[in-house]
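Everything below concerns the one structure shown next.
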Amino acid sequence: MPSHPFTLFATCPRGLEGLLKTELEQLGAQASRETLAGLHFQADLAGLYRICLWSRLASRVLLPLTSCPGESISGIYHACYEFPWEAQISPDSSLLVDFNGSNAAIGNTRFGAQKVKDALVDRMRNLCGRRPQVDKGDPDIRIHANLQKGQLKIGLDLGGGSLGNRGYLMQHSRDALKNNLAAALLIRAGWPDLHRHKAPLIDPLCERGTLLIEAALMAGDIAPGLYRSRFGFEKWLKHEPELWQQVRAEAVLRRQRGLERMPSITGYCEAPAAFSQARDSIKSAGLDKVINLHEKALASIPAPAPGTATGLLISCFPYVEEADEQTRLAASYREFGQKFKNDFPGWHAALLTGNPGLARHLNIQARKKYHLHQGPIPSQLLCFISSPDYFYQREAEPEHKPESTVPDLSEGALMFSNRIHKNLKKFAKWRKKNAISCYRLYDADMPEYAVAVDIYGDYAHVQEYAAPKKIDAEKARRRFQEIQAVLPLALGIPAQNIAWKERRPQKGKSQYEKLHKPEPGIWKQSSTAALIPVNEGRARLLINLHDYLDVGLFLDHRPLRLKIAEMAPKKRFLNLFCYTATATVHAALGGASSSVSVDMSKTYLDWADQNFALNAINTRQHRLVRADCLQWLKSCDERFDLILLDPPSFSNSKKMADVLDVQQDHVSLIRQCMALLARHGSLFFSTNLRSFKLDAEALSTYSVKNISAETLDRDFEQNRKIHQCWLLRANKVEKPSSP
């Protein structure tokens with residue numbers, strides 16, 4: 001007889017909520033409701049077991065237990081103490097509390113976890129005479145506590161940790177493709193239908209074997225949870241071992257049958273280390289008899305056997321942040337596209353990229369695009385069909401569409417034109433008073449015309465935001481055509497002086513991709529001729545509107561650069577992650593006695609050197625250093641009066657010894673910078689990560705002032721979350737002057 005339904009919550013990576021809903025309903029979930037990165041649902045005990053065992057997409061399955069206001073420590077303790085834990089867990093079980101979130105009362109997650117644990121074990125000790133012991137390595141029970149919007153929600157983690165950790169041997173790293181995301185890619189790429197027709201699958205750029213293993217698990221009807229040694233519900237007091245064994249036995253039988261009808265699944269690795277990691281993972285999963293793995297480069301991959309009508313070519317390209325790394329990776333995109341077109345007629349292809357702008361080098365038009373997240377990295381899954389209808393035929397197309405092909409303008413387009421004129425008038429006095437020639441004119445003021453328009457003197461840079469899924473693609477395309485028709489006239493700028501790009505928010509700096517097919521010559525290598533000088537304060541700075549993902553000058557940081565110039569006289573200035581060193585130019589022109597600007601990118605430092613030359617800056621006094629900032633900080637023994645720390649939100653560049661995650665690493669970075677700061681010096685710390693939260697408790701020994709509002713000008717009134725900024729000084733009792 002089915003048990004009464006439990007109210008449950010499953011988490012998943014952002015962008016997979018709809019897929020998770022479909023999957024869990026197929027596994028027996030009822031009354032499901034999507035939310036951001038998760039799904040509320042109901043299931044009986046057998047359904048719960050099947051979901052934990054079979055879900056390929058869920059990260060965690062939680063049983064909500066209690067909730068309370070999270071505004072005071074005593075209130076949290078009291079609410080947790082009053083909950084009847086003895087009905088859920090045994091005092092003889094080991095446990096661990098996973099705590100997420102913080103507020104004024106709970107300064108950090110470790111403290112929050114301790115308070116929940118204290119209340120739980122105190123109640124159990126008082127009622128049972130003994131208490132659960134904490135086990136940080138392999139606990140019997142995991143309690144999940146989440147503090148958000150002043151409310152603390154507590155639940156039981158029935159999976160016993162992330163279900164994405166399947167249980168077989170894996171080479172873990174922060175940039176590795178997660179198993180549940182790999183499963184989602186395969187579903188979006190159509191693999192469930194293809195493998196039912198015995199179609200083969202090839203991963204030509206295999207790393208760690210994750211896609212190959214998930215593809216084999218799907219094709220072989222293998223429950224991903226079969227590899228796990230145990231689940232969190234097995235020490236839960238409502239657990240029914242006999243029912244669980246029945247559910248598991250059914251999965252074992254399905255695996256035996258599924259392995260008999262496996263299609264061909266093949267992976268290719270060029271790097272010996274990647275090959276070794278993938279081989280070990282595949283063997284640990286018991287799939288070395290059904291997955292073929294070869295150590296070959298992309299160019300050497302053979303075409304499919306004659307008579308193979310269709311199949312799936314699927315892979316993931318690594319995320320790279322530096323411009324010179326992107327240039328090198330572009331060659332791999334071109335090679336993939338050429339290989340697919342020439343050798344795989346009739347096949348499907350899918351590609352996950354964290355650098356959507358590089359996808360133009362494939363020279364293939366995507367049939368579908370899906371927006372996903374690889375951890376903090378916004379990414380796209382691009383799906384293709386090997387058909388001539390989907391290939392760019394550039395030679396048959398004119399470089400510029402004649403004006404007659406632009407559709408008649410709608411009432412909305414005329415309203416957009418009027419808004420541009422209105423904004424030009426609104427900013428006129430402010431611009432004249434402050435001698436501003438580079439500014440943001442329009443930032444999706446009208447949501448249906450979702451573009452950002454930046455003005456750089458006699459040039460304009462237009463970034464189209466990605467339209468929401470609910471907006472019809474044809475309607476979005478028509479609106480963009482209208483913007484292209486209206487804007488040159490509204491701005492009084494020649495069309496050839498306007499750069500058009502589609503924007504995707506990336507980790508760290510905003511980065512961009514072209515909306516349409518690349519025109520001849522636009523994506524050439526950067527050259528001095530491509531650099532355009534613009535004015536900002538006393539500085540002349542070089543921008544590049546076309547060749548790179550960003551133009552070389554972030555407009556939202558204008559007030560901070562001008563403040564640095566104001567504070568610079570006779571100061572020693574340090575600019576970390578300096579990009580094109582525009583802040584250093586301002587510091588030098590402001591009278592800084594010396595400066596050091598550090599960045600890992602040769603491209604950006606060459607650009608910075610040209611900025612220095614344009615402003616006649618002495619490179620003996622003002623040094624450009626090419627280095628990994630994380631390593632450079634460890635070895636630096638100089639002192640500075642003024643420091644700018646503006647790291648990328650996330651970077652896993654191969655040039656770096658460590659992965660950089662600004663949320664996790666900001667305390668260490670700030671402390672190292674403060675160690676280099678002179679007695680009365682100032683440190684500016686800035687980040688563009690919108691979800692960022694400063695660890696005020698860990699930095700409590702310093703004077704810390706949030707100056708975000710003061711570092712944003714009038715042109716960013718509608719987008720005040722574009723960055724956060726703090727001023728730090730060494731002496732906490734010293735009142736900092738207003739920046």
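Simple scheme: letters A, B, ... for chains in structure tokens order, numbers from 1 for residues in each chain, numbers from 1 for ligands in the order shown.
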From the DSSP assignment of the backbone, select every residue of segment 218-354 of chain A that is strand (DSSP E or B), and format the answer as a ChimeraX atom specification.
-> /A:236,265-268,291-294,312-316,348-353
Taking the DSSP assignment computed from this structure's backbone, write out as a PyMOL selection string all residues of segment 147-210 of chain A that belong to helix (DSSP H, G or I).
-> chain A and resi 179-188+191-196+210
Write the selection just made, keeping N, CA, C and O atoms, as a CSV table (one decimal), in the first residue's frame?
```csv
chain,number,residue,atom,x,y,z
A,179,ASN,N,27.9,16.3,-13.3
A,179,ASN,CA,27.1,15.2,-14.0
A,179,ASN,C,25.7,15.5,-14.3
A,179,ASN,O,25.2,15.2,-15.4
A,180,ASN,N,25.0,16.2,-13.4
A,180,ASN,CA,23.6,16.6,-13.7
A,180,ASN,C,23.5,17.6,-14.9
A,180,ASN,O,22.6,17.6,-15.7
A,181,LEU,N,24.5,18.5,-15.0
A,181,LEU,CA,24.5,19.4,-16.1
A,181,LEU,C,24.8,18.6,-17.4
A,181,LEU,O,24.2,18.9,-18.5
A,182,ALA,N,25.7,17.6,-17.3
A,182,ALA,CA,26.0,16.8,-18.5
A,182,ALA,C,24.8,16.1,-19.0
A,182,ALA,O,24.5,16.0,-20.2
A,183,ALA,N,24.0,15.6,-18.0
A,183,ALA,CA,22.8,14.9,-18.4
A,183,ALA,C,21.8,15.8,-19.1
A,183,ALA,O,21.1,15.4,-20.0
A,184,ALA,N,21.7,17.0,-18.6
A,184,ALA,CA,20.8,18.0,-19.2
A,184,ALA,C,21.2,18.3,-20.6
A,184,ALA,O,20.4,18.5,-21.5
A,185,LEU,N,22.5,18.4,-20.9
A,185,LEU,CA,23.0,18.7,-22.2
A,185,LEU,C,22.6,17.6,-23.2
A,185,LEU,O,22.1,17.9,-24.3
A,186,LEU,N,22.7,16.4,-22.7
A,186,LEU,CA,22.3,15.2,-23.5
A,186,LEU,C,20.8,15.2,-23.8
A,186,LEU,O,20.4,14.9,-25.0
A,187,ILE,N,20.0,15.6,-22.8
A,187,ILE,CA,18.6,15.6,-23.1
A,187,ILE,C,18.2,16.7,-24.0
A,187,ILE,O,17.5,16.5,-25.0
A,188,ARG,N,18.8,17.9,-23.9
A,188,ARG,CA,18.6,19.0,-24.8
A,188,ARG,C,19.0,18.7,-26.2
A,188,ARG,O,18.4,19.2,-27.2
A,191,TRP,N,19.5,13.2,-27.2
A,191,TRP,CA,20.1,11.9,-27.1
A,191,TRP,C,19.1,10.8,-26.7
A,191,TRP,O,19.2,9.7,-27.2
A,192,PRO,N,18.1,11.1,-25.8
A,192,PRO,CA,17.1,10.0,-25.5
A,192,PRO,C,16.4,9.4,-26.7
A,192,PRO,O,16.2,8.2,-26.8
A,193,ASP,N,16.1,10.3,-27.7
A,193,ASP,CA,15.5,9.7,-28.9
A,193,ASP,C,16.5,9.1,-29.8
A,193,ASP,O,16.2,8.0,-30.4
A,194,LEU,N,17.7,9.6,-29.9
A,194,LEU,CA,18.7,9.1,-30.8
A,194,LEU,C,19.1,7.7,-30.4
A,194,LEU,O,19.3,6.8,-31.2
A,195,HIS,N,19.4,7.5,-29.1
A,195,HIS,CA,19.9,6.2,-28.7
A,195,HIS,C,18.9,5.1,-28.8
A,195,HIS,O,19.2,3.9,-28.9
A,196,ARG,N,17.6,5.5,-28.7
A,196,ARG,CA,16.6,4.5,-28.9
A,196,ARG,C,16.6,3.9,-30.3
A,196,ARG,O,16.0,2.8,-30.6
A,210,THR,N,32.9,12.6,-18.5
A,210,THR,CA,31.6,12.8,-17.9
A,210,THR,C,30.4,12.7,-18.9
A,210,THR,O,29.4,12.0,-18.6
```
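Residue neighbourhood of Ala43 of chain A, excluding near-sequence residues (fewer than 3 positions): A:Pro5, A:Phe6, A:Thr7, A:Gly28, A:Ala29, A:Gln30, A:Gly47, A:Leu48, at 7 Å, using only C-alpha atoms.
Minimum atom-to-atom distances from A:Gln621, A:Gln256, A:Thr11, A:Gln610 to Thr35 of chain A were compared using only C-alpha atoms, and the lowest value belongs to A:Thr11.
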Name all residues at most 7 Å from segment 153-166 of chain A (count only C-alpha atoms; drop same-chain ones fewer than 2 positions away) and give them as a PyMOL selection string.
-> chain A and resi 52+58-68+141-147+151+168+178-180+224-225+227-228+231-233
Got time to write the residues from that selection, C-alpha atoms, as a short mmCIF file (atom, residue, chain, number, x, y, z; two decimals), in the first residue's frame?
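The resulting file, result_8.cif, is shown below:
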```cif
data_model
loop_
_atom_site.label_atom_id
_atom_site.label_comp_id
_atom_site.auth_asym_id
_atom_site.auth_seq_id
_atom_site.Cartn_x
_atom_site.Cartn_y
_atom_site.Cartn_z
CA CYS A 52 16.85 9.72 -5.31
CA ALA A 58 18.53 16.91 -9.29
CA SER A 59 21.35 18.13 -7.07
CA ARG A 60 19.66 17.47 -3.74
CA VAL A 61 16.33 16.11 -2.50
CA LEU A 62 15.25 17.79 0.73
CA LEU A 63 12.46 17.06 3.22
CA PRO A 64 11.43 20.44 4.71
CA LEU A 65 11.11 20.09 8.50
CA THR A 66 10.68 23.52 10.06
CA SER A 67 11.20 27.24 9.53
CA CYS A 68 11.56 30.28 11.73
CA ILE A 141 22.35 12.37 8.53
CA ARG A 142 22.79 15.73 6.80
CA ILE A 143 20.66 18.67 7.93
CA HIS A 144 20.23 21.43 5.36
CA ALA A 145 19.65 24.97 6.70
CA ASN A 146 19.05 27.91 4.38
CA LEU A 147 18.80 31.52 5.59
CA GLN A 151 13.68 33.35 7.15
CA TYR A 168 32.02 6.11 -9.18
CA LYS A 178 28.94 18.45 -13.31
CA ASN A 179 27.13 15.16 -13.95
CA ASN A 180 23.61 16.57 -13.74
CA PRO A 224 22.84 6.95 -11.69
CA GLY A 225 22.29 6.32 -7.98
CA TYR A 227 26.90 3.65 -7.82
CA ARG A 228 26.30 5.32 -4.46
CA PHE A 231 21.75 7.57 0.74
CA GLY A 232 20.81 9.99 3.48
CA PHE A 233 17.39 8.43 3.99
#
```
Contact residues around Ser700 of chain A with only C-alpha atoms at 12 Å, ignoring same-chain residues under 2 positions, as a PDB file with all heavy atoms, in the first residue's frame:
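Here's the written file out.pdb:
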```pdb
ATOM      1  N   GLY A 107      26.707  35.843  11.255  1.00  0.00           N
ATOM      2  CA  GLY A 107      27.741  36.483  10.451  1.00  0.00           C
ATOM      3  C   GLY A 107      28.351  35.592   9.405  1.00  0.00           C
ATOM      4  O   GLY A 107      28.810  36.050   8.364  1.00  0.00           O
ATOM      5  N   VAL A 667      38.496  37.656   0.802  1.00  0.00           N
ATOM      6  CA  VAL A 667      39.099  37.976   2.096  1.00  0.00           C
ATOM      7  C   VAL A 667      40.616  37.829   2.025  1.00  0.00           C
ATOM      8  O   VAL A 667      41.378  38.701   2.467  1.00  0.00           O
ATOM      9  CB  VAL A 667      38.509  37.087   3.211  1.00  0.00           C
ATOM     10  CG1 VAL A 667      39.296  37.281   4.515  1.00  0.00           C
ATOM     11  CG2 VAL A 667      37.038  37.413   3.423  1.00  0.00           C
ATOM     12  N   ILE A 670      42.108  40.654  -0.153  1.00  0.00           N
ATOM     13  CA  ILE A 670      42.106  41.945   0.539  1.00  0.00           C
ATOM     14  C   ILE A 670      43.171  41.966   1.623  1.00  0.00           C
ATOM     15  O   ILE A 670      43.908  42.952   1.782  1.00  0.00           O
ATOM     16  CB  ILE A 670      40.709  42.241   1.108  1.00  0.00           C
ATOM     17  CG1 ILE A 670      39.738  42.572  -0.035  1.00  0.00           C
ATOM     18  CG2 ILE A 670      40.759  43.390   2.118  1.00  0.00           C
ATOM     19  CD1 ILE A 670      38.303  42.719   0.385  1.00  0.00           C
ATOM     20  N   ARG A 671      43.293  40.888   2.382  1.00  0.00           N
ATOM     21  CA  ARG A 671      44.303  40.847   3.445  1.00  0.00           C
ATOM     22  C   ARG A 671      45.724  40.979   2.883  1.00  0.00           C
ATOM     23  O   ARG A 671      46.570  41.673   3.459  1.00  0.00           O
ATOM     24  CB  ARG A 671      44.162  39.548   4.238  1.00  0.00           C
ATOM     25  CG  ARG A 671      42.960  39.548   5.191  1.00  0.00           C
ATOM     26  CD  ARG A 671      42.795  38.211   5.863  1.00  0.00           C
ATOM     27  NE  ARG A 671      41.722  38.239   6.858  1.00  0.00           N
ATOM     28  CZ  ARG A 671      41.220  37.147   7.433  1.00  0.00           C
ATOM     29  NH1 ARG A 671      41.692  35.949   7.127  1.00  0.00           N
ATOM     30  NH2 ARG A 671      40.255  37.272   8.335  1.00  0.00           N
ATOM     31  N   LEU A 694      30.171  40.758   0.878  1.00  0.00           N
ATOM     32  CA  LEU A 694      31.437  40.977   1.571  1.00  0.00           C
ATOM     33  C   LEU A 694      31.395  40.317   2.944  1.00  0.00           C
ATOM     34  O   LEU A 694      30.407  40.448   3.677  1.00  0.00           O
ATOM     35  CB  LEU A 694      31.692  42.474   1.720  1.00  0.00           C
ATOM     36  CG  LEU A 694      33.085  42.861   2.226  1.00  0.00           C
ATOM     37  CD1 LEU A 694      34.078  42.813   1.070  1.00  0.00           C
ATOM     38  CD2 LEU A 694      33.066  44.250   2.842  1.00  0.00           C
ATOM     39  N   ASP A 695      32.455  39.602   3.280  1.00  0.00           N
ATOM     40  CA  ASP A 695      32.555  38.967   4.594  1.00  0.00           C
ATOM     41  C   ASP A 695      33.035  40.020   5.589  1.00  0.00           C
ATOM     42  O   ASP A 695      34.224  40.140   5.883  1.00  0.00           O
ATOM     43  CB  ASP A 695      33.530  37.780   4.524  1.00  0.00           C
ATOM     44  CG  ASP A 695      33.476  36.924   5.785  1.00  0.00           C
ATOM     45  OD1 ASP A 695      33.021  37.427   6.832  1.00  0.00           O
ATOM     46  OD2 ASP A 695      33.900  35.749   5.722  1.00  0.00           O
ATOM     47  N   ALA A 696      32.087  40.801   6.117  1.00  0.00           N
ATOM     48  CA  ALA A 696      32.419  41.918   6.997  1.00  0.00           C
ATOM     49  C   ALA A 696      33.092  41.449   8.278  1.00  0.00           C
ATOM     50  O   ALA A 696      33.979  42.120   8.812  1.00  0.00           O
ATOM     51  CB  ALA A 696      31.161  42.722   7.313  1.00  0.00           C
ATOM     52  N   GLU A 697      32.672  40.292   8.778  1.00  0.00           N
ATOM     53  CA  GLU A 697      33.254  39.792  10.029  1.00  0.00           C
ATOM     54  C   GLU A 697      34.733  39.465   9.853  1.00  0.00           C
ATOM     55  O   GLU A 697      35.572  39.812  10.682  1.00  0.00           O
ATOM     56  CB  GLU A 697      32.497  38.558  10.508  1.00  0.00           C
ATOM     57  CG  GLU A 697      33.033  38.007  11.825  1.00  0.00           C
ATOM     58  CD  GLU A 697      32.259  36.785  12.297  1.00  0.00           C
ATOM     59  OE1 GLU A 697      31.323  36.373  11.606  1.00  0.00           O
ATOM     60  OE2 GLU A 697      32.614  36.240  13.354  1.00  0.00           O
ATOM     61  N   ALA A 698      35.068  38.805   8.741  1.00  0.00           N
ATOM     62  CA  ALA A 698      36.461  38.437   8.511  1.00  0.00           C
ATOM     63  C   ALA A 698      37.351  39.652   8.289  1.00  0.00           C
ATOM     64  O   ALA A 698      38.561  39.590   8.491  1.00  0.00           O
ATOM     65  CB  ALA A 698      36.560  37.498   7.308  1.00  0.00           C
ATOM     66  N   TYR A 702      39.647  46.028   9.851  1.00  0.00           N
ATOM     67  CA  TYR A 702      39.902  47.183   9.007  1.00  0.00           C
ATOM     68  C   TYR A 702      38.725  48.156   9.051  1.00  0.00           C
ATOM     69  O   TYR A 702      37.602  47.785   9.423  1.00  0.00           O
ATOM     70  CB  TYR A 702      40.135  46.766   7.552  1.00  0.00           C
ATOM     71  CG  TYR A 702      41.136  45.661   7.360  1.00  0.00           C
ATOM     72  CD1 TYR A 702      40.802  44.496   6.669  1.00  0.00           C
ATOM     73  CD2 TYR A 702      42.426  45.765   7.868  1.00  0.00           C
ATOM     74  CE1 TYR A 702      41.718  43.474   6.489  1.00  0.00           C
ATOM     75  CE2 TYR A 702      43.346  44.752   7.692  1.00  0.00           C
ATOM     76  CZ  TYR A 702      42.990  43.603   7.009  1.00  0.00           C
ATOM     77  OH  TYR A 702      43.902  42.601   6.833  1.00  0.00           O
ATOM     78  N   SER A 703      38.989  49.357   8.659  1.00  0.00           N
ATOM     79  CA  SER A 703      37.914  50.313   8.409  1.00  0.00           C
ATOM     80  C   SER A 703      37.359  50.021   7.019  1.00  0.00           C
ATOM     81  O   SER A 703      38.087  50.069   6.030  1.00  0.00           O
ATOM     82  CB  SER A 703      38.457  51.740   8.464  1.00  0.00           C
ATOM     83  OG  SER A 703      37.497  52.641   7.946  1.00  0.00           O
ATOM     84  N   VAL A 704      36.081  49.682   6.948  1.00  0.00           N
ATOM     85  CA  VAL A 704      35.461  49.272   5.683  1.00  0.00           C
ATOM     86  C   VAL A 704      34.238  50.145   5.430  1.00  0.00           C
ATOM     87  O   VAL A 704      33.337  50.228   6.274  1.00  0.00           O
ATOM     88  CB  VAL A 704      35.046  47.786   5.718  1.00  0.00           C
ATOM     89  CG1 VAL A 704      34.451  47.376   4.374  1.00  0.00           C
ATOM     90  CG2 VAL A 704      36.232  46.898   6.070  1.00  0.00           C
ATOM     91  N   LYS A 705      34.202  50.784   4.283  1.00  0.00           N
ATOM     92  CA  LYS A 705      33.058  51.624   3.926  1.00  0.00           C
ATOM     93  C   LYS A 705      32.562  51.254   2.533  1.00  0.00           C
ATOM     94  O   LYS A 705      33.327  51.220   1.573  1.00  0.00           O
ATOM     95  CB  LYS A 705      33.453  53.103   3.948  1.00  0.00           C
ATOM     96  CG  LYS A 705      32.281  54.038   3.615  1.00  0.00           C
ATOM     97  CD  LYS A 705      32.699  55.489   3.648  1.00  0.00           C
ATOM     98  CE  LYS A 705      31.523  56.392   3.311  1.00  0.00           C
ATOM     99  NZ  LYS A 705      31.920  57.830   3.282  1.00  0.00           N
ATOM    100  N   LEU A 728      38.743  50.608   1.945  1.00  0.00           N
ATOM    101  CA  LEU A 728      39.284  50.002   3.157  1.00  0.00           C
ATOM    102  C   LEU A 728      40.532  50.750   3.599  1.00  0.00           C
ATOM    103  O   LEU A 728      41.369  51.141   2.769  1.00  0.00           O
ATOM    104  CB  LEU A 728      39.635  48.520   2.929  1.00  0.00           C
ATOM    105  CG  LEU A 728      38.463  47.580   2.657  1.00  0.00           C
ATOM    106  CD1 LEU A 728      38.260  47.425   1.158  1.00  0.00           C
ATOM    107  CD2 LEU A 728      38.693  46.222   3.294  1.00  0.00           C
ATOM    108  N   ARG A 729      40.636  50.933   4.905  1.00  0.00           N
ATOM    109  CA  ARG A 729      41.828  51.524   5.499  1.00  0.00           C
ATOM    110  C   ARG A 729      42.212  50.705   6.717  1.00  0.00           C
ATOM    111  O   ARG A 729      41.388  49.983   7.294  1.00  0.00           O
ATOM    112  CB  ARG A 729      41.590  52.986   5.861  1.00  0.00           C
ATOM    113  CG  ARG A 729      41.531  53.873   4.604  1.00  0.00           C
ATOM    114  CD  ARG A 729      41.276  55.310   4.940  1.00  0.00           C
ATOM    115  NE  ARG A 729      41.407  56.143   3.734  1.00  0.00           N
ATOM    116  CZ  ARG A 729      40.619  57.170   3.449  1.00  0.00           C
ATOM    117  NH1 ARG A 729      39.647  57.489   4.275  1.00  0.00           N
ATOM    118  NH2 ARG A 729      40.815  57.868   2.358  1.00  0.00           N
ATOM    119  N   ALA A 730      43.462  50.843   7.136  1.00  0.00           N
ATOM    120  CA  ALA A 730      44.008  49.936   8.133  1.00  0.00           C
ATOM    121  C   ALA A 730      43.476  50.190   9.535  1.00  0.00           C
ATOM    122  O   ALA A 730      43.238  49.265  10.289  1.00  0.00           O
ATOM    123  CB  ALA A 730      45.539  50.019   8.139  1.00  0.00           C
ATOM    124  N   ASN A 731      43.281  51.442   9.891  1.00  0.00           N
ATOM    125  CA  ASN A 731      42.920  51.779  11.264  1.00  0.00           C
ATOM    126  C   ASN A 731      41.420  51.918  11.382  1.00  0.00           C
ATOM    127  O   ASN A 731      40.825  52.852  10.864  1.00  0.00           O
ATOM    128  CB  ASN A 731      43.609  53.086  11.672  1.00  0.00           C
ATOM    129  CG  ASN A 731      43.424  53.391  13.140  1.00  0.00           C
ATOM    130  OD1 ASN A 731      42.673  52.706  13.827  1.00  0.00           O
ATOM    131  ND2 ASN A 731      44.112  54.409  13.605  1.00  0.00           N
ATOM    132  N   LYS A 732      40.786  50.996  12.130  1.00  0.00           N
ATOM    133  CA  LYS A 732      39.333  50.991  12.189  1.00  0.00           C
ATOM    134  C   LYS A 732      38.763  52.232  12.868  1.00  0.00           C
ATOM    135  O   LYS A 732      37.694  52.706  12.544  1.00  0.00           O
ATOM    136  CB  LYS A 732      38.839  49.738  12.905  1.00  0.00           C
ATOM    137  CG  LYS A 732      37.323  49.593  12.846  1.00  0.00           C
ATOM    138  CD  LYS A 732      36.856  48.282  13.400  1.00  0.00           C
ATOM    139  CE  LYS A 732      35.340  48.171  13.258  1.00  0.00           C
ATOM    140  NZ  LYS A 732      34.836  46.889  13.780  1.00  0.00           N
ATOM    141  N   VAL A 733      39.455  52.787  13.847  1.00  0.00           N
ATOM    142  CA  VAL A 733      38.920  53.929  14.582  1.00  0.00           C
ATOM    143  C   VAL A 733      39.065  55.222  13.800  1.00  0.00           C
ATOM    144  O   VAL A 733      38.460  56.227  14.118  1.00  0.00           O
ATOM    145  CB  VAL A 733      39.616  54.083  15.962  1.00  0.00           C
ATOM    146  CG1 VAL A 733      39.362  52.862  16.811  1.00  0.00           C
ATOM    147  CG2 VAL A 733      41.103  54.323  15.791  1.00  0.00           C
TER     148      VAL A 733
END
```
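Shortest separation to Ile314 of chain A among A:Thr580, A:Gln463, A:Thr353, A:Ser102 occurs at residue A:Thr353, atoms counted being only C-alpha atoms.
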Within 12 Å of Ser635 of chain A, counting only C-alpha atoms, which residues show up once you throw out same-chain ones fewer than 6 positions away? Write them as a list of chain:residue names, please.
-> A:Ala627, A:Asp628, A:Cys629, A:Gln672, A:Cys673, A:Ala675, A:Leu676
All heavy atoms of the current selection, written as a PDB file, in the first residue's frame:
```
ATOM      1  N   ALA A 627      51.968  39.150 -14.914  1.00  0.00           N
ATOM      2  CA  ALA A 627      52.087  38.105 -13.888  1.00  0.00           C
ATOM      3  C   ALA A 627      50.700  37.693 -13.425  1.00  0.00           C
ATOM      4  O   ALA A 627      49.708  38.414 -13.592  1.00  0.00           O
ATOM      5  CB  ALA A 627      52.917  38.611 -12.698  1.00  0.00           C
ATOM      6  N   ASP A 628      50.636  36.512 -12.827  1.00  0.00           N
ATOM      7  CA  ASP A 628      49.440  36.039 -12.122  1.00  0.00           C
ATOM      8  C   ASP A 628      49.339  36.845 -10.829  1.00  0.00           C
ATOM      9  O   ASP A 628      50.205  36.749  -9.958  1.00  0.00           O
ATOM     10  CB  ASP A 628      49.593  34.544 -11.844  1.00  0.00           C
ATOM     11  CG  ASP A 628      48.449  33.971 -11.020  1.00  0.00           C
ATOM     12  OD1 ASP A 628      47.574  34.727 -10.558  1.00  0.00           O
ATOM     13  OD2 ASP A 628      48.452  32.751 -10.796  1.00  0.00           O
ATOM     14  N   CYS A 629      48.307  37.654 -10.680  1.00  0.00           N
ATOM     15  CA  CYS A 629      48.194  38.533  -9.512  1.00  0.00           C
ATOM     16  C   CYS A 629      48.217  37.749  -8.202  1.00  0.00           C
ATOM     17  O   CYS A 629      48.759  38.228  -7.198  1.00  0.00           O
ATOM     18  CB  CYS A 629      46.910  39.361  -9.594  1.00  0.00           C
ATOM     19  SG  CYS A 629      46.963  40.656 -10.852  1.00  0.00           S
ATOM     20  N   GLN A 672      45.973  40.313   1.755  1.00  0.00           N
ATOM     21  CA  GLN A 672      47.300  40.430   1.153  1.00  0.00           C
ATOM     22  C   GLN A 672      47.565  41.853   0.675  1.00  0.00           C
ATOM     23  O   GLN A 672      48.688  42.362   0.806  1.00  0.00           O
ATOM     24  CB  GLN A 672      47.430  39.446  -0.006  1.00  0.00           C
ATOM     25  CG  GLN A 672      47.486  37.988   0.431  1.00  0.00           C
ATOM     26  CD  GLN A 672      47.608  37.053  -0.759  1.00  0.00           C
ATOM     27  OE1 GLN A 672      48.673  36.864  -1.317  1.00  0.00           O
ATOM     28  NE2 GLN A 672      46.491  36.467  -1.154  1.00  0.00           N
ATOM     29  N   CYS A 673      46.530  42.502   0.128  1.00  0.00           N
ATOM     30  CA  CYS A 673      46.697  43.889  -0.312  1.00  0.00           C
ATOM     31  C   CYS A 673      46.900  44.818   0.885  1.00  0.00           C
ATOM     32  O   CYS A 673      47.737  45.729   0.836  1.00  0.00           O
ATOM     33  CB  CYS A 673      45.480  44.334  -1.115  1.00  0.00           C
ATOM     34  SG  CYS A 673      45.380  43.594  -2.762  1.00  0.00           S
ATOM     35  N   ALA A 675      48.286  44.125   3.573  1.00  0.00           N
ATOM     36  CA  ALA A 675      49.646  43.925   4.083  1.00  0.00           C
ATOM     37  C   ALA A 675      50.658  44.767   3.307  1.00  0.00           C
ATOM     38  O   ALA A 675      51.747  45.060   3.818  1.00  0.00           O
ATOM     39  CB  ALA A 675      50.024  42.448   3.999  1.00  0.00           C
ATOM     40  N   LEU A 676      50.311  45.168   2.082  1.00  0.00           N
ATOM     41  CA  LEU A 676      51.200  46.001   1.266  1.00  0.00           C
ATOM     42  C   LEU A 676      50.884  47.486   1.411  1.00  0.00           C
ATOM     43  O   LEU A 676      51.590  48.325   0.841  1.00  0.00           O
ATOM     44  CB  LEU A 676      51.078  45.618  -0.211  1.00  0.00           C
ATOM     45  CG  LEU A 676      51.329  44.156  -0.595  1.00  0.00           C
ATOM     46  CD1 LEU A 676      51.175  43.983  -2.099  1.00  0.00           C
ATOM     47  CD2 LEU A 676      52.705  43.706  -0.139  1.00  0.00           C
TER      48      LEU A 676
END
```
Find the spatial neighbours of Leu605 of chain A, counting only C-alpha atoms, within a cut-off of 8 Å - ignore same-chain residues fewer than 5 positions away - and output them as a PyMOL selection string.
-> chain A and resi 579-581+599+624-626
